[in-house]
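Enquirer: Got a structure for you, questions after.
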Amino acid sequence: MKFYIHTFGCQMNKCDSEHIAGLLLSAGIQPSNSPKECDIIIINTCAVRKKPEEKLYSLLGRLDSLRKKKNVFIGVVGCVAQLYRSKLLDKNPFIDFVIGPDNYWQIPRIIPTQDEEKFISTSWSRDWHEISYAQTIRESRISGYISIMEGCNNFCSYCVVPFTRGREKFRAIENILSEVKDLANKGYKEIQLLGQNVNSYRDPKTGKDISILLKEADLIDGIEWIRFITSHPKNFTIDIGIAMKETKKVCHQLHLPVQSGSTSVLERMNRGYTREEYLKKIETLRNLMPDISLSTDIIVGFPGETEHEFQETLSILKKVRFTNIFSFRYSPRPLTSASKNKDSVSFEDKKRRLIELQALQKKIQMETNKSFVGRIIKVLCLGKSKRDPHVYSGRNEGYQVVNFKSKNDVIGQSVNVHITSYGPYSLFGQIAQ
Ligand code: SAH
Ligand code: SF4
Ligand code: F3S
């Protein structure tokens, strides 16, 4: 028997899919790269915006036709599965199972049997279900995801995640550190500690927080770079900044989603900080680590966002000069408190604001990237360019994409790259002699 997993969404979902693949492998089912050739197809879904949800429905349409030609067992898992539960089965009767993010540990029990009965498992439990990582099939053999917490208690007014991932729960620190050691033994060079709100991490037994976790992970030999994502500005404490500065391996890089540069919008978003408080944290971080690379998420067109409030978002981009941003048009999501208000900013205005925002950010990135020309920087090589066999691709400490020429195969190695040119989204260079 063979399986195929299609993954939408964030790093948490990618990490979950790697574990689901491992669980299936341990049940004797082999991975396949082709949905047409396999017996089990799993779609790991994302509900955060309308777009990935719509993509799921068009994929389900194609699977319905495949199902008519071939006997294939189809499962929907992840955030949309959790959100709509049995309603997904009512609309798509060909689906065989629906499993929410808190129930993947049940997969080896249900899938190999392929019962006639439909299987739905979307309950939440307060305890962390430790999933064995012995057989996890990771996409990369160089950089590995490690989940440290699940869920979110913040209820930002636009966000569906608290309804799909449940309340916060934390993984035991000894299990996290064992997985870091396991990856180090397997030759991994980088780890990314994951959670919706990693700053609120507390070891369930000892209460050790993320700053202590970072310091303990820093002591593990073999790993060169440690990253953690996602940080909520409200919970980002000075202790975390100090841990980043004082450790050797924790990268001077932080994704700190601001969402808007306007205090009034932030208040309506229920973010728990003002523009000034956010800027103060950035100043503190830059005082601690002048070389820190910062990225963020922005939503444009939140209900009631005025032109003036949008201008404040543009001005925060000019002030902070992020290395990179992820920007989205607001879309109302089920169950969220913002969805009860009118989606008042027109599609045209959202579109125009997004274009303006991205154009400004592109200009900032061109200026930042230009300043790298002539420098020699450390790059972790993650793979090869598909177009040119002599061009390799990796990331620097600031998490920027760096493409570079090398005569030797350096995949999986940290190398020094001499930067010779740049674009808005990547740097280009050659191995330094
Ligand atoms: N836990 C993370 C991110 C969660 S979702 C955090 O707190 O930052 C990733 C990003 O999607 C968010 O940061 C936000 O910018 C965007 N997003 C979430 N809900 C959205 C919505 N309803 N419309 C548009 N963008 C949204
Ligand atoms: Fe969503 Fe806010 Fe929680 Fe992030 S912190 S997952 S944006 S509710
Ligand atoms: Fe999407 Fe769920 Fe991640 S909604 S962004 S896959 S937490």
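All residue names refer to the structure tokens as shown: chains lettered A, B, ... in order, residues numbered from 1 in each chain, ligands numbered from 1 in order.
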Collect all residues with atoms no farther than 6 Å from ligand 2, counting only C-alpha atoms and all ligand atoms, and output them as a list in words.
Expert: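 The residues near ligand 2 are Cys152, Asn154, Phe155, Cys156, Cys159, Val161, Pro162 and Gln196 of chain A.
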Enquirer: For all heavy atoms, I'd like the residues from the last selection saved as a compact mmCIF listing (two decimals), in the first residue's frame.
Expert:
# COMPACT_ATOMS: atom_id res chain seq x y z
N CYS A 152 -3.61 28.31 20.58
CA CYS A 152 -3.46 29.74 20.79
C CYS A 152 -4.60 30.24 21.67
O CYS A 152 -5.75 29.88 21.46
CB CYS A 152 -3.48 30.46 19.45
SG CYS A 152 -3.23 32.22 19.65
N ASN A 154 -4.97 33.62 22.18
CA ASN A 154 -5.01 35.08 21.99
C ASN A 154 -6.29 35.63 21.38
O ASN A 154 -6.65 36.77 21.62
CB ASN A 154 -3.82 35.52 21.15
CG ASN A 154 -2.54 35.44 21.95
OD1 ASN A 154 -2.51 35.79 23.13
ND2 ASN A 154 -1.49 34.94 21.35
N PHE A 155 -6.95 34.85 20.57
CA PHE A 155 -8.20 35.29 19.93
C PHE A 155 -8.08 36.68 19.30
O PHE A 155 -8.85 37.58 19.62
CB PHE A 155 -9.36 35.24 20.93
CG PHE A 155 -9.75 33.83 21.30
CD1 PHE A 155 -9.20 33.21 22.41
CD2 PHE A 155 -10.65 33.12 20.51
CE1 PHE A 155 -9.53 31.90 22.73
CE2 PHE A 155 -10.98 31.80 20.84
CZ PHE A 155 -10.43 31.19 21.94
N CYS A 156 -7.09 36.85 18.43
CA CYS A 156 -7.06 38.06 17.61
C CYS A 156 -8.37 38.05 16.84
O CYS A 156 -8.83 37.00 16.39
CB CYS A 156 -5.87 38.03 16.65
SG CYS A 156 -4.31 37.91 17.54
N CYS A 159 -8.78 36.08 13.49
CA CYS A 159 -8.04 34.82 13.27
C CYS A 159 -8.82 33.57 13.70
O CYS A 159 -9.36 33.48 14.80
CB CYS A 159 -6.72 34.88 14.03
SG CYS A 159 -5.69 33.44 13.72
N VAL A 161 -7.40 30.56 13.91
CA VAL A 161 -6.51 29.53 14.47
C VAL A 161 -6.93 29.03 15.87
O VAL A 161 -6.92 27.82 16.12
CB VAL A 161 -5.03 30.00 14.42
CG1 VAL A 161 -4.12 29.07 15.20
CG2 VAL A 161 -4.56 30.08 12.98
N PRO A 162 -7.34 29.91 16.79
CA PRO A 162 -7.76 29.37 18.10
C PRO A 162 -8.93 28.38 18.00
O PRO A 162 -9.10 27.54 18.87
CB PRO A 162 -8.18 30.64 18.87
CG PRO A 162 -7.42 31.74 18.23
CD PRO A 162 -7.34 31.39 16.77
N GLN A 196 2.20 28.18 17.44
CA GLN A 196 1.45 29.38 17.02
C GLN A 196 1.88 30.59 17.83
O GLN A 196 1.73 31.72 17.40
CB GLN A 196 -0.06 29.17 17.20
CG GLN A 196 -0.73 28.53 16.02
CD GLN A 196 -0.59 27.03 16.04
OE1 GLN A 196 -0.54 26.43 17.09
NE2 GLN A 196 -0.53 26.44 14.88
Enquirer: Using only C-alpha atoms and all ligand atoms, which protein or nucleic acid residues are at most 7 Å from ligand 1, as a list in words?
Expert: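 The neighbouring residues of ligand 1 are, in order, Val48, Arg49, Tyr158, Cys159, Val160, Val161, Gln196, Asn197, Thr230, Ser231, His232, Pro257, Gln259, Asp297, Ile298, Ile299, Ser327, Phe328, Arg329, Tyr330, Ser331, Pro332 and Arg333 of chain A.
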Enquirer: Ligand 3: which residues are within 7 Å, counting only C-alpha atoms and all ligand atoms? Reply as number ranges by chain.
Expert: A: 8-13, 45-48, 78-79, 160-161, 164-165, 196
Enquirer: Export N, CA, C and O atoms of the chosen residues as a PDB file, in the first residue's frame?
Expert:
ATOM      1  N   PHE A   8      -1.328  22.058   2.665  1.00  0.00           N
ATOM      2  CA  PHE A   8      -1.535  23.509   2.576  1.00  0.00           C
ATOM      3  C   PHE A   8      -1.055  24.111   3.899  1.00  0.00           C
ATOM      4  O   PHE A   8      -1.003  23.424   4.913  1.00  0.00           O
ATOM      5  N   GLY A   9      -0.801  25.441   3.890  1.00  0.00           N
ATOM      6  CA  GLY A   9      -0.653  26.137   5.177  1.00  0.00           C
ATOM      7  C   GLY A   9       0.749  26.354   5.670  1.00  0.00           C
ATOM      8  O   GLY A   9       1.720  26.318   4.907  1.00  0.00           O
ATOM      9  N   CYS A  10       0.836  26.563   6.986  1.00  0.00           N
ATOM     10  CA  CYS A  10       2.055  27.064   7.615  1.00  0.00           C
ATOM     11  C   CYS A  10       3.052  25.949   7.937  1.00  0.00           C
ATOM     12  O   CYS A  10       2.795  24.775   7.686  1.00  0.00           O
ATOM     13  N   GLN A  11       4.158  26.334   8.578  1.00  0.00           N
ATOM     14  CA  GLN A  11       5.188  25.350   8.970  1.00  0.00           C
ATOM     15  C   GLN A  11       4.626  24.287   9.905  1.00  0.00           C
ATOM     16  O   GLN A  11       5.081  23.161   9.900  1.00  0.00           O
ATOM     17  N   MET A  12       3.647  24.680  10.747  1.00  0.00           N
ATOM     18  CA  MET A  12       3.059  23.699  11.676  1.00  0.00           C
ATOM     19  C   MET A  12       2.430  22.555  10.873  1.00  0.00           C
ATOM     20  O   MET A  12       2.529  21.395  11.235  1.00  0.00           O
ATOM     21  N   ASN A  13       1.744  22.932   9.797  1.00  0.00           N
ATOM     22  CA  ASN A  13       1.116  21.912   8.967  1.00  0.00           C
ATOM     23  C   ASN A  13       2.155  21.062   8.245  1.00  0.00           C
ATOM     24  O   ASN A  13       1.998  19.854   8.129  1.00  0.00           O
ATOM     25  N   THR A  45      -4.994  20.506   5.613  1.00  0.00           N
ATOM     26  CA  THR A  45      -5.641  21.742   5.166  1.00  0.00           C
ATOM     27  C   THR A  45      -5.330  22.958   6.033  1.00  0.00           C
ATOM     28  O   THR A  45      -4.979  22.832   7.203  1.00  0.00           O
ATOM     29  N   CYS A  46      -5.549  24.134   5.441  1.00  0.00           N
ATOM     30  CA  CYS A  46      -5.355  25.412   6.140  1.00  0.00           C
ATOM     31  C   CYS A  46      -6.627  26.249   6.029  1.00  0.00           C
ATOM     32  O   CYS A  46      -7.201  26.354   4.955  1.00  0.00           O
ATOM     33  N   ALA A  47      -7.023  26.858   7.139  1.00  0.00           N
ATOM     34  CA  ALA A  47      -8.270  27.634   7.162  1.00  0.00           C
ATOM     35  C   ALA A  47      -8.017  29.116   7.393  1.00  0.00           C
ATOM     36  O   ALA A  47      -8.961  29.878   7.544  1.00  0.00           O
ATOM     37  N   VAL A  48      -6.753  29.534   7.424  1.00  0.00           N
ATOM     38  CA  VAL A  48      -6.454  30.875   7.926  1.00  0.00           C
ATOM     39  C   VAL A  48      -7.027  31.989   7.054  1.00  0.00           C
ATOM     40  O   VAL A  48      -7.434  33.022   7.555  1.00  0.00           O
ATOM     41  N   GLY A  78      -6.213  18.394   9.410  1.00  0.00           N
ATOM     42  CA  GLY A  78      -5.746  19.769   9.578  1.00  0.00           C
ATOM     43  C   GLY A  78      -6.842  20.738   9.968  1.00  0.00           C
ATOM     44  O   GLY A  78      -7.895  20.364  10.479  1.00  0.00           O
ATOM     45  N   CYS A  79      -6.577  22.028   9.686  1.00  0.00           N
ATOM     46  CA  CYS A  79      -7.401  23.096  10.261  1.00  0.00           C
ATOM     47  C   CYS A  79      -8.811  23.177   9.681  1.00  0.00           C
ATOM     48  O   CYS A  79      -9.753  23.459  10.409  1.00  0.00           O
ATOM     49  N   VAL A 160      -8.812  32.593  12.811  1.00  0.00           N
ATOM     50  CA  VAL A 160      -9.560  31.353  13.042  1.00  0.00           C
ATOM     51  C   VAL A 160      -8.727  30.315  13.815  1.00  0.00           C
ATOM     52  O   VAL A 160      -9.261  29.337  14.326  1.00  0.00           O
ATOM     53  N   VAL A 161      -7.405  30.562  13.912  1.00  0.00           N
ATOM     54  CA  VAL A 161      -6.510  29.529  14.469  1.00  0.00           C
ATOM     55  C   VAL A 161      -6.931  29.028  15.869  1.00  0.00           C
ATOM     56  O   VAL A 161      -6.922  27.819  16.116  1.00  0.00           O
ATOM     57  N   THR A 164      -9.223  26.294  15.396  1.00  0.00           N
ATOM     58  CA  THR A 164      -8.785  25.087  14.691  1.00  0.00           C
ATOM     59  C   THR A 164      -7.713  24.321  15.480  1.00  0.00           C
ATOM     60  O   THR A 164      -7.615  23.116  15.368  1.00  0.00           O
ATOM     61  N   ARG A 165      -6.922  25.057  16.237  1.00  0.00           N
ATOM     62  CA  ARG A 165      -5.814  24.407  16.960  1.00  0.00           C
ATOM     63  C   ARG A 165      -6.064  24.332  18.463  1.00  0.00           C
ATOM     64  O   ARG A 165      -5.236  23.788  19.195  1.00  0.00           O
ATOM     65  N   GLN A 196       2.196  28.181  17.443  1.00  0.00           N
ATOM     66  CA  GLN A 196       1.452  29.375  17.019  1.00  0.00           C
ATOM     67  C   GLN A 196       1.878  30.592  17.826  1.00  0.00           C
ATOM     68  O   GLN A 196       1.734  31.718  17.397  1.00  0.00           O
TER      69      GLN A 196
END
Enquirer: Counting only C-alpha atoms, give me one row per residue of stretch 78-124 of chain A with an atom at most 10 Å from an atom of stretch 129-135 of chain A, showing the shortest contact pair and its distance in Å to one decimal, sorted by chain then residue number, as JSON lines.
Expert:
{"residue": "A:Asp102", "atom": "CA", "partner": "A:His129", "partner_atom": "CA", "distance": 7.8}
{"residue": "A:Asn103", "atom": "CA", "partner": "A:His129", "partner_atom": "CA", "distance": 8.3}
{"residue": "A:Tyr104", "atom": "CA", "partner": "A:Ile131", "partner_atom": "CA", "distance": 8.3}
{"residue": "A:Trp105", "atom": "CA", "partner": "A:Ile131", "partner_atom": "CA", "distance": 6.2}
{"residue": "A:Gln106", "atom": "CA", "partner": "A:Ile131", "partner_atom": "CA", "distance": 10.0}
Enquirer: Using DSSP secondary structure from the backbone, list all alpha helix (DSSP H) positions within stretch 202-330 of chain A, as number ranges by chain.
Expert: A: 210-218, 238-246, 263-268, 275-288, 307-320
Enquirer: If we count only C-alpha atoms, what is near A:Val415 at a cut-off of 10 Å, once residues fewer than 2 positions away on the same chain are taken out, given as a ChimeraX atom specification?
Expert: /A:376-381,394,396,410-413,417-418,430-432
Enquirer: Restricting the calculation to only C-alpha atoms, which member of A:Val250, A:Leu335, A:Ala184, A:Ile240 is positioned closest to A:Gly222?
Expert: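 Checking each of A:Val250, A:Leu335, A:Ala184, A:Ile240 against A:Gly222, counting only C-alpha atoms, the winner is A:Ala184.
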Enquirer: Name the closest residue to A:Arg395 among the candidates A:Leu354, A:Ile29, A:Leu382, A:Leu88; distances are taken between atoms, counting only C-alpha atoms.
Expert: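 The shortest atom-to-atom distance to A:Arg395 comes from A:Leu382.
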